[in-house]
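The structure appears below as structure tokens.
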Amino acid sequence: MIKSMTGYGKSVAELANGKLTIEIRSVNGKNADISIKSNLLPKDKELGIRKKMAEVLQRGTMDMFINWEPNAAENAKKINVPLATEYFRELQELGRAIGIQEEIQDREDPNYLLGTLLRMPDVIDSGRQEIITDDNWPAVEKAIDEALARIDSYRSDEGTSLYKDVTGRVQNILDLYDEVESYEPERISAARERILKAAEDLKVKLDPERLEQEMIFYLEKLDINEEKVRLRQHCKYFMDTIDGEPYPGKKLGFIIQEMGREINTTGSKANHASIQKCVVRMKDELEKIREQSMNIL
């Protein structure tokens, strides 16, 4: 069964210091265009993840998002006590050097310097620690695998809908060509009548044998039997490809081009209003097939 290139998968890794959310989204594309939109993934792991995404998803424009939600304890900013103590010691020395040490000690609030100390450089440590480590990597990798499995399942479900739509439209084209064939006797008769009417209007006496020769020549130019045979072969090839190949998307695009060529030639040879209407409807069906096939993996 075919797969769509459009999909979405999400999973969560519960780590000791918080929650890591993995999201993978994909849309149609000619190749495997992978983008990891996060700086949390270690560089030594990135190549392996890209390879895994390409193996599972094959083709499309793929984006991976990794979001981190620390727990309350991890999220709290930490005070660098040794650095704050060193700042305080230096402030005391500065006070003694400029003669204001006694003024500092005489303050009613002995902690009034804390506000100043907390504003000193690097006393409040808000730097981010390494989130994904070798220790928790197995849990993170498992979450990535789960997200990939979910987007792959999503693509399979979408592929089922795509298959039903495009194969139904291929059958519509075949049915419309059957309708075209039903107008063939009427078209030939109308062509003969137009020629006879033209000769009558011009008061030209036609030789019966010569008339038949001209009619044969004229009708050969309008004959669509080859187009009919080739279009049905292309439709069969389309069905064989979509049923028999795991990733038929690119090949289907080429088959659709050939189908369009036969439909266009039929229209140029039609010379009949009802057949032209059928050709327009076939073109409409084929264009919808083309649009949908661009999303088939």
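Naming scheme: A, B, ... for chains in displayed order of the structure tokens; residues 1 onward per chain; ligands 1 onward as shown.
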Strand (DSSP E) residues, from DSSP on the backbone, in range 30-86 of chain A, as an mmCIF file with all heavy atoms, in the first residue's frame:
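Result saved to selection-v1.cif:
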data_model
loop_
_atom_site.group_PDB
_atom_site.id
_atom_site.type_symbol
_atom_site.label_atom_id
_atom_site.label_comp_id
_atom_site.auth_asym_id
_atom_site.auth_seq_id
_atom_site.Cartn_x
_atom_site.Cartn_y
_atom_site.Cartn_z
ATOM 1 N N ALA A 32 15.013 13.552 0.108
ATOM 2 C CA ALA A 32 14.940 13.553 1.570
ATOM 3 C C ALA A 32 15.629 14.814 2.079
ATOM 4 O O ALA A 32 16.847 14.876 2.202
ATOM 5 C CB ALA A 32 15.605 12.308 2.142
ATOM 6 N N ASP A 33 14.841 15.836 2.354
ATOM 7 C CA ASP A 33 15.351 17.126 2.840
ATOM 8 C C ASP A 33 15.051 17.208 4.336
ATOM 9 O O ASP A 33 13.932 17.486 4.740
ATOM 10 C CB ASP A 33 14.680 18.265 2.075
ATOM 11 C CG ASP A 33 15.216 19.625 2.479
ATOM 12 O OD1 ASP A 33 16.222 19.659 3.217
ATOM 13 O OD2 ASP A 33 14.625 20.647 2.077
ATOM 14 N N ILE A 34 16.078 16.947 5.155
ATOM 15 C CA ILE A 34 15.894 16.800 6.600
ATOM 16 C C ILE A 34 16.446 18.020 7.325
ATOM 17 O O ILE A 34 17.578 18.440 7.092
ATOM 18 C CB ILE A 34 16.591 15.520 7.106
ATOM 19 C CG1 ILE A 34 15.989 14.287 6.422
ATOM 20 C CG2 ILE A 34 16.474 15.405 8.623
ATOM 21 C CD1 ILE A 34 16.768 13.018 6.688
ATOM 22 N N SER A 35 15.638 18.565 8.244
ATOM 23 C CA SER A 35 16.062 19.712 9.045
ATOM 24 C C SER A 35 15.756 19.431 10.515
ATOM 25 O O SER A 35 14.620 19.108 10.856
ATOM 26 C CB SER A 35 15.337 20.978 8.580
ATOM 27 O OG SER A 35 15.674 22.078 9.409
ATOM 28 N N ILE A 36 16.779 19.510 11.358
ATOM 29 C CA ILE A 36 16.600 19.326 12.804
ATOM 30 C C ILE A 36 16.609 20.698 13.445
ATOM 31 O O ILE A 36 17.657 21.348 13.544
ATOM 32 C CB ILE A 36 17.687 18.420 13.392
ATOM 33 C CG1 ILE A 36 17.612 17.035 12.736
ATOM 34 C CG2 ILE A 36 17.540 18.306 14.909
ATOM 35 C CD1 ILE A 36 18.687 16.061 13.177
ATOM 36 N N LYS A 37 15.441 21.168 13.860
ATOM 37 C CA LYS A 37 15.285 22.535 14.354
ATOM 38 C C LYS A 37 15.431 22.577 15.875
ATOM 39 O O LYS A 37 14.500 22.881 16.602
ATOM 40 C CB LYS A 37 13.931 23.088 13.910
ATOM 41 C CG LYS A 37 13.783 23.151 12.383
ATOM 42 C CD LYS A 37 12.477 23.752 11.961
ATOM 43 C CE LYS A 37 12.348 23.816 10.454
ATOM 44 N NZ LYS A 37 13.357 24.669 9.816
ATOM 45 N N GLY A 60 10.814 13.437 1.089
ATOM 46 C CA GLY A 60 9.948 14.507 1.557
ATOM 47 C C GLY A 60 10.748 15.579 2.279
ATOM 48 O O GLY A 60 11.941 15.420 2.553
ATOM 49 N N THR A 61 10.086 16.688 2.587
ATOM 50 C CA THR A 61 10.697 17.754 3.382
ATOM 51 C C THR A 61 10.333 17.508 4.838
ATOM 52 O O THR A 61 9.170 17.607 5.216
ATOM 53 C CB THR A 61 10.184 19.129 2.922
ATOM 54 O OG1 THR A 61 10.506 19.308 1.537
ATOM 55 C CG2 THR A 61 10.824 20.244 3.729
ATOM 56 N N MET A 62 11.330 17.148 5.646
ATOM 57 C CA MET A 62 11.080 16.685 7.016
ATOM 58 C C MET A 62 11.706 17.649 8.027
ATOM 59 O O MET A 62 12.858 18.054 7.873
ATOM 60 C CB MET A 62 11.670 15.284 7.221
ATOM 61 C CG MET A 62 11.378 14.309 6.110
ATOM 62 S SD MET A 62 12.487 12.881 6.205
ATOM 63 C CE MET A 62 12.412 12.310 4.509
ATOM 64 N N ASP A 63 10.958 17.976 9.054
ATOM 65 C CA ASP A 63 11.439 18.829 10.139
ATOM 66 C C ASP A 63 11.293 18.105 11.464
ATOM 67 O O ASP A 63 10.219 17.574 11.769
ATOM 68 C CB ASP A 63 10.645 20.140 10.198
ATOM 69 C CG ASP A 63 10.879 21.016 8.974
ATOM 70 O OD1 ASP A 63 12.016 21.062 8.497
ATOM 71 O OD2 ASP A 63 9.909 21.643 8.495
ATOM 72 N N MET A 64 12.363 18.087 12.240
ATOM 73 C CA MET A 64 12.303 17.529 13.602
ATOM 74 C C MET A 64 12.446 18.670 14.605
ATOM 75 O O MET A 64 13.361 19.487 14.501
ATOM 76 C CB MET A 64 13.397 16.491 13.830
ATOM 77 C CG MET A 64 13.458 16.009 15.284
ATOM 78 S SD MET A 64 14.798 14.830 15.613
ATOM 79 C CE MET A 64 14.087 13.342 14.928
ATOM 80 N N PHE A 65 11.524 18.718 15.558
ATOM 81 C CA PHE A 65 11.552 19.714 16.630
ATOM 82 C C PHE A 65 11.777 18.984 17.955
ATOM 83 O O PHE A 65 11.110 17.984 18.241
ATOM 84 C CB PHE A 65 10.238 20.492 16.690
ATOM 85 C CG PHE A 65 9.886 21.208 15.420
ATOM 86 C CD1 PHE A 65 9.188 20.561 14.414
ATOM 87 C CD2 PHE A 65 10.255 22.530 15.229
ATOM 88 C CE1 PHE A 65 8.853 21.212 13.239
ATOM 89 C CE2 PHE A 65 9.933 23.193 14.058
ATOM 90 C CZ PHE A 65 9.227 22.531 13.058
ATOM 91 N N ILE A 66 12.715 19.489 18.769
ATOM 92 C CA ILE A 66 12.969 18.922 20.100
ATOM 93 C C ILE A 66 12.798 20.038 21.120
ATOM 94 O O ILE A 66 13.542 21.023 21.103
ATOM 95 C CB ILE A 66 14.378 18.311 20.199
ATOM 96 C CG1 ILE A 66 14.584 17.252 19.098
ATOM 97 C CG2 ILE A 66 14.595 17.693 21.576
ATOM 98 C CD1 ILE A 66 15.984 16.650 19.082
ATOM 99 N N ASN A 67 11.809 19.886 21.996
ATOM 100 C CA ASN A 67 11.506 20.914 23.005
ATOM 101 C C ASN A 67 11.769 20.373 24.404
ATOM 102 O O ASN A 67 11.430 19.224 24.715
ATOM 103 C CB ASN A 67 10.043 21.365 22.876
ATOM 104 C CG ASN A 67 9.775 22.020 21.536
ATOM 105 O OD1 ASN A 67 10.505 22.914 21.122
ATOM 106 N ND2 ASN A 67 8.740 21.573 20.849
ATOM 107 N N TRP A 68 12.326 21.219 25.248
ATOM 108 C CA TRP A 68 12.726 20.825 26.603
ATOM 109 C C TRP A 68 11.901 21.580 27.629
ATOM 110 O O TRP A 68 11.775 22.793 27.574
ATOM 111 C CB TRP A 68 14.208 21.109 26.799
ATOM 112 C CG TRP A 68 14.701 20.953 28.208
ATOM 113 C CD1 TRP A 68 15.198 21.922 29.023
ATOM 114 C CD2 TRP A 68 14.758 19.741 28.961
ATOM 115 N NE1 TRP A 68 15.561 21.403 30.236
ATOM 116 C CE2 TRP A 68 15.301 20.054 30.231
ATOM 117 C CE3 TRP A 68 14.388 18.419 28.694
ATOM 118 C CZ2 TRP A 68 15.485 19.104 31.207
ATOM 119 C CZ3 TRP A 68 14.585 17.459 29.686
ATOM 120 C CH2 TRP A 68 15.127 17.804 30.920
ATOM 121 N N GLU A 69 11.309 20.831 28.579
ATOM 122 C CA GLU A 69 10.569 21.416 29.700
ATOM 123 C C GLU A 69 11.191 20.913 30.996
ATOM 124 O O GLU A 69 10.933 19.784 31.411
ATOM 125 C CB GLU A 69 9.095 21.020 29.647
ATOM 126 C CG GLU A 69 8.341 21.543 28.429
ATOM 127 C CD GLU A 69 6.902 21.097 28.431
ATOM 128 O OE1 GLU A 69 6.281 21.138 29.525
ATOM 129 O OE2 GLU A 69 6.408 20.675 27.361
ATOM 130 N N PRO A 70 12.036 21.730 31.636
ATOM 131 C CA PRO A 70 12.659 21.280 32.881
ATOM 132 C C PRO A 70 11.651 21.228 34.021
ATOM 133 O O PRO A 70 10.653 21.950 34.009
ATOM 134 C CB PRO A 70 13.730 22.347 33.136
ATOM 135 C CG PRO A 70 13.189 23.577 32.459
ATOM 136 C CD PRO A 70 12.444 23.077 31.251
ATOM 137 N N LYS A 78 20.437 29.024 40.126
ATOM 138 C CA LYS A 78 21.323 28.637 41.232
ATOM 139 C C LYS A 78 22.293 29.768 41.546
ATOM 140 O O LYS A 78 22.747 30.477 40.658
ATOM 141 C CB LYS A 78 22.075 27.358 40.864
ATOM 142 C CG LYS A 78 21.153 26.154 40.671
ATOM 143 C CD LYS A 78 21.936 24.933 40.251
ATOM 144 C CE LYS A 78 21.009 23.718 40.181
ATOM 145 N NZ LYS A 78 19.894 23.919 39.264
ATOM 146 N N ILE A 79 22.567 29.906 42.841
ATOM 147 C CA ILE A 79 23.497 30.941 43.301
ATOM 148 C C ILE A 79 24.896 30.330 43.416
ATOM 149 O O ILE A 79 25.081 29.278 44.023
ATOM 150 C CB ILE A 79 23.063 31.507 44.662
ATOM 151 C CG1 ILE A 79 21.686 32.164 44.537
ATOM 152 C CG2 ILE A 79 24.089 32.495 45.192
ATOM 153 C CD1 ILE A 79 21.118 32.640 45.859
#
Please provide as a CSV table (one decimal) with all heavy atoms, in the first residue's frame all residues within 9 Å of Asp122 in chain A, with the sequence filter that same-chain residues fewer than 5 positions apart are discarded (counting only C-alpha atoms).
chain,number,residue,atom,x,y,z
A,79,ILE,N,22.6,29.9,42.8
A,79,ILE,CA,23.5,30.9,43.3
A,79,ILE,C,24.9,30.3,43.4
A,79,ILE,O,25.1,29.3,44.0
A,79,ILE,CB,23.1,31.5,44.7
A,79,ILE,CG1,21.7,32.2,44.5
A,79,ILE,CG2,24.1,32.5,45.2
A,79,ILE,CD1,21.1,32.6,45.9
A,80,ASN,N,25.9,31.0,42.8
A,80,ASN,CA,27.2,30.6,42.9
A,80,ASN,C,27.8,31.1,44.2
A,80,ASN,O,28.4,32.2,44.3
A,80,ASN,CB,28.0,31.1,41.7
A,80,ASN,CG,29.4,30.5,41.6
A,80,ASN,OD1,30.0,30.1,42.6
A,80,ASN,ND2,29.9,30.5,40.4
A,83,LEU,N,31.6,32.1,44.6
A,83,LEU,CA,31.9,33.4,43.9
A,83,LEU,C,31.3,34.6,44.7
A,83,LEU,O,31.9,35.6,44.9
A,83,LEU,CB,31.3,33.4,42.5
A,83,LEU,CG,31.6,34.6,41.6
A,83,LEU,CD1,33.1,34.8,41.4
A,83,LEU,CD2,30.8,34.5,40.3
A,84,ALA,N,30.0,34.4,45.2
A,84,ALA,CA,29.4,35.5,46.0
A,84,ALA,C,30.3,35.7,47.3
A,84,ALA,O,30.5,36.9,47.7
A,84,ALA,CB,28.0,35.1,46.4
Checklist entry - Please, which residues of range 11-233 of chain A, numbered as in this document, come out alpha helix (DSSP H) from DSSP, as number ranges by chain? => result A: 43-57, 72-75, 81-98, 101-105, 114-118, 137-182, 184-201, 208-222, 225-233
One residue among A:Met294, A:Ile22, A:Val166, A:Ala270 is nearest to Glu141 in chain A when using only C-alpha atoms, and that residue is A:Ile22
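Relative to CA of Met259 in chain A, CA of Arg230 in chain A is found at 8.2 Å.
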Distance query Thr21 in chain A at most 12 Å, only C-alpha atoms, self and fewer than 2 positions along chain excluded, as a PyMOL selection string:
chain A and resi 9-15+18-19+23-24+38+40+64-70+139-144+146-147
Can I get the selected residues back with C-alpha atoms, as an mmCIF file, in the first residue's frame?
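Produced file out_26.cif, reproduced below:
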data_model
loop_
_atom_site.group_PDB
_atom_site.id
_atom_site.type_symbol
_atom_site.label_atom_id
_atom_site.label_comp_id
_atom_site.auth_asym_id
_atom_site.auth_seq_id
_atom_site.Cartn_x
_atom_site.Cartn_y
_atom_site.Cartn_z
ATOM 1 C CA GLY A 9 4.487 12.169 14.722
ATOM 2 C CA LYS A 10 5.047 13.089 18.361
ATOM 3 C CA SER A 11 6.491 11.393 21.442
ATOM 4 C CA VAL A 12 7.791 12.333 24.886
ATOM 5 C CA ALA A 13 10.892 11.252 26.819
ATOM 6 C CA GLU A 14 10.532 11.628 30.587
ATOM 7 C CA LEU A 15 14.011 12.346 31.925
ATOM 8 C CA GLY A 18 12.477 17.280 32.914
ATOM 9 C CA LYS A 19 10.506 16.323 29.802
ATOM 10 C CA GLU A 23 7.881 16.251 17.007
ATOM 11 C CA ILE A 24 8.450 15.260 13.377
ATOM 12 C CA SER A 38 16.916 22.275 17.769
ATOM 13 C CA LEU A 40 19.631 20.185 22.026
ATOM 14 C CA MET A 64 12.303 17.529 13.602
ATOM 15 C CA PHE A 65 11.552 19.714 16.630
ATOM 16 C CA ILE A 66 12.969 18.922 20.100
ATOM 17 C CA ASN A 67 11.506 20.914 23.005
ATOM 18 C CA TRP A 68 12.726 20.825 26.603
ATOM 19 C CA GLU A 69 10.569 21.416 29.700
ATOM 20 C CA PRO A 70 12.659 21.280 32.881
ATOM 21 C CA ALA A 139 15.454 7.068 26.515
ATOM 22 C CA VAL A 140 15.792 9.947 24.037
ATOM 23 C CA GLU A 141 16.499 7.609 21.111
ATOM 24 C CA LYS A 142 13.496 5.490 22.043
ATOM 25 C CA ALA A 143 11.288 8.597 21.953
ATOM 26 C CA ILE A 144 12.674 9.532 18.514
ATOM 27 C CA GLU A 146 8.378 6.280 18.585
ATOM 28 C CA ALA A 147 7.870 9.628 16.826
#
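The nearest approach to Val280 in chain A among the residues A:Cys235, A:Leu176, A:Glu227, A:Pro185, with only C-alpha atoms taken into account, belongs to A:Leu176.
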- Which polymer residues have any atom within 12 Å of an atom of Thr167 in chain A, counting only C-alpha atoms, with same-chain residues fewer than 2 positions away left out, as a PyMOL selection string? chain A and resi 2+159-165+169-174+235-243+252+285-286+288-290+292-293
Would you mind exporting C-alpha atoms of the selected residues as a compact mmCIF listing (two decimals), in the first residue's frame?
# COMPACT_ATOMS: atom_id res chain seq x y z
CA ILE A 2 1.28 3.47 -0.89
CA GLY A 159 -1.69 6.89 1.61
CA THR A 160 -4.84 4.79 1.87
CA SER A 161 -6.95 7.88 1.14
CA LEU A 162 -4.65 8.91 -1.72
CA TYR A 163 -4.84 5.45 -3.27
CA LYS A 164 -8.62 5.43 -3.22
CA ASP A 165 -8.78 8.89 -4.78
CA ARG A 169 -10.02 8.90 -11.03
CA VAL A 170 -8.05 6.59 -13.32
CA GLN A 171 -11.19 4.48 -13.63
CA ASN A 172 -13.18 7.63 -14.38
CA ILE A 173 -10.83 8.36 -17.29
CA LEU A 174 -11.32 4.84 -18.64
CA CYS A 235 -3.78 3.41 -17.19
CA LYS A 236 -2.95 -0.26 -16.68
CA TYR A 237 0.71 0.59 -16.14
CA PHE A 238 -0.37 3.23 -13.59
CA MET A 239 -2.38 0.63 -11.65
CA ASP A 240 0.39 -1.99 -11.85
CA THR A 241 2.91 0.55 -10.57
CA ILE A 242 0.82 1.88 -7.70
CA ASP A 243 -0.09 -1.67 -6.64
CA LEU A 252 3.62 7.75 -11.49
CA GLU A 285 -9.54 14.09 -13.68
CA LEU A 286 -5.91 13.79 -14.79
CA LYS A 288 -6.41 16.04 -9.92
CA ILE A 289 -4.45 12.79 -10.21
CA ARG A 290 -1.29 14.82 -10.92
CA GLN A 292 -2.40 14.04 -5.59
CA SER A 293 0.48 12.00 -7.01
Using only C-alpha atoms, the best pick from A:Leu148, A:Leu114, A:Ile256, A:Leu57 as closest to Asn31 in chain A would be A:Leu57
Could you check the closest approach to Ala191 in chain A for each of A:Asn271, A:Gln233, A:Gln58, A:Ser153 and tell me which residue wins, using only C-alpha atoms?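 Of A:Asn271, A:Gln233, A:Gln58, A:Ser153, the one nearest Ala191 in chain A, counting only C-alpha atoms, is A:Asn271.
Compared by their closest atoms to Val229 in chain A, and using only C-alpha atoms, the residues A:Val279, A:Ile263, A:Ile188, A:Ile132 rank with A:Ile263 nearest.
From CA of Asn17 in chain A back to CA of Asp135 in chain A, the distance works out to 12.5 Å.
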> Could you pull the residues within 12 Å of Ser274 in chain A, counting only C-alpha atoms, minus those fewer than 6 positions along the same chain, as a ChimeraX atom specification?
Replying inline: /A:176-177,179-184,186-187,267,280-281
Take the residues from that selection and write them out as a short mmCIF file (atom, residue, chain, number, x, y, z; two decimals), in the first residue's frame, keeping N, CA, C and O atoms.
data_model
loop_
_atom_site.label_atom_id
_atom_site.label_comp_id
_atom_site.auth_asym_id
_atom_site.auth_seq_id
_atom_site.Cartn_x
_atom_site.Cartn_y
_atom_site.Cartn_z
N LEU A 176 -14.75 7.44 -19.22
CA LEU A 176 -14.97 8.54 -20.15
C LEU A 176 -14.51 8.17 -21.56
O LEU A 176 -15.14 8.57 -22.55
N TYR A 177 -13.43 7.38 -21.65
CA TYR A 177 -12.99 6.98 -22.98
C TYR A 177 -13.97 5.98 -23.60
O TYR A 177 -14.16 5.94 -24.82
N GLU A 179 -17.07 6.26 -23.18
CA GLU A 179 -18.11 7.17 -23.68
C GLU A 179 -17.68 7.80 -25.00
O GLU A 179 -18.50 7.98 -25.91
N VAL A 180 -16.38 8.13 -25.10
CA VAL A 180 -15.87 8.66 -26.37
C VAL A 180 -16.11 7.67 -27.50
O VAL A 180 -16.55 8.04 -28.60
N GLU A 181 -15.83 6.41 -27.23
CA GLU A 181 -16.03 5.37 -28.26
C GLU A 181 -17.47 5.28 -28.71
O GLU A 181 -17.75 4.97 -29.87
N SER A 182 -18.39 5.53 -27.80
CA SER A 182 -19.81 5.43 -28.15
C SER A 182 -20.23 6.49 -29.17
O SER A 182 -21.24 6.33 -29.85
N TYR A 183 -19.42 7.57 -29.26
CA TYR A 183 -19.74 8.63 -30.22
C TYR A 183 -19.06 8.42 -31.58
O TYR A 183 -19.28 9.20 -32.50
N GLU A 184 -18.24 7.39 -31.70
CA GLU A 184 -17.49 7.17 -32.93
C GLU A 184 -18.38 7.02 -34.17
O GLU A 184 -18.14 7.68 -35.18
N GLU A 186 -21.38 8.05 -34.75
CA GLU A 186 -22.01 9.34 -35.02
C GLU A 186 -21.01 10.33 -35.61
O GLU A 186 -21.34 11.10 -36.52
N ARG A 187 -19.78 10.31 -35.11
CA ARG A 187 -18.76 11.23 -35.60
C ARG A 187 -18.41 10.94 -37.06
O ARG A 187 -18.30 11.86 -37.88
N GLY A 267 -8.25 14.97 -28.04
CA GLY A 267 -8.98 16.22 -28.16
C GLY A 267 -8.72 16.94 -29.47
O GLY A 267 -9.65 17.51 -30.07
N VAL A 280 -12.39 17.22 -21.98
CA VAL A 280 -12.24 18.22 -20.92
C VAL A 280 -12.39 17.57 -19.54
O VAL A 280 -11.62 17.86 -18.61
N ARG A 281 -13.34 16.69 -19.42
CA ARG A 281 -13.54 15.99 -18.13
C ARG A 281 -12.37 15.07 -17.81
O ARG A 281 -11.94 14.96 -16.66
#
note - CA of Thr265 in chain A and CA of Glu220 in chain A are separated by 13.8 Å
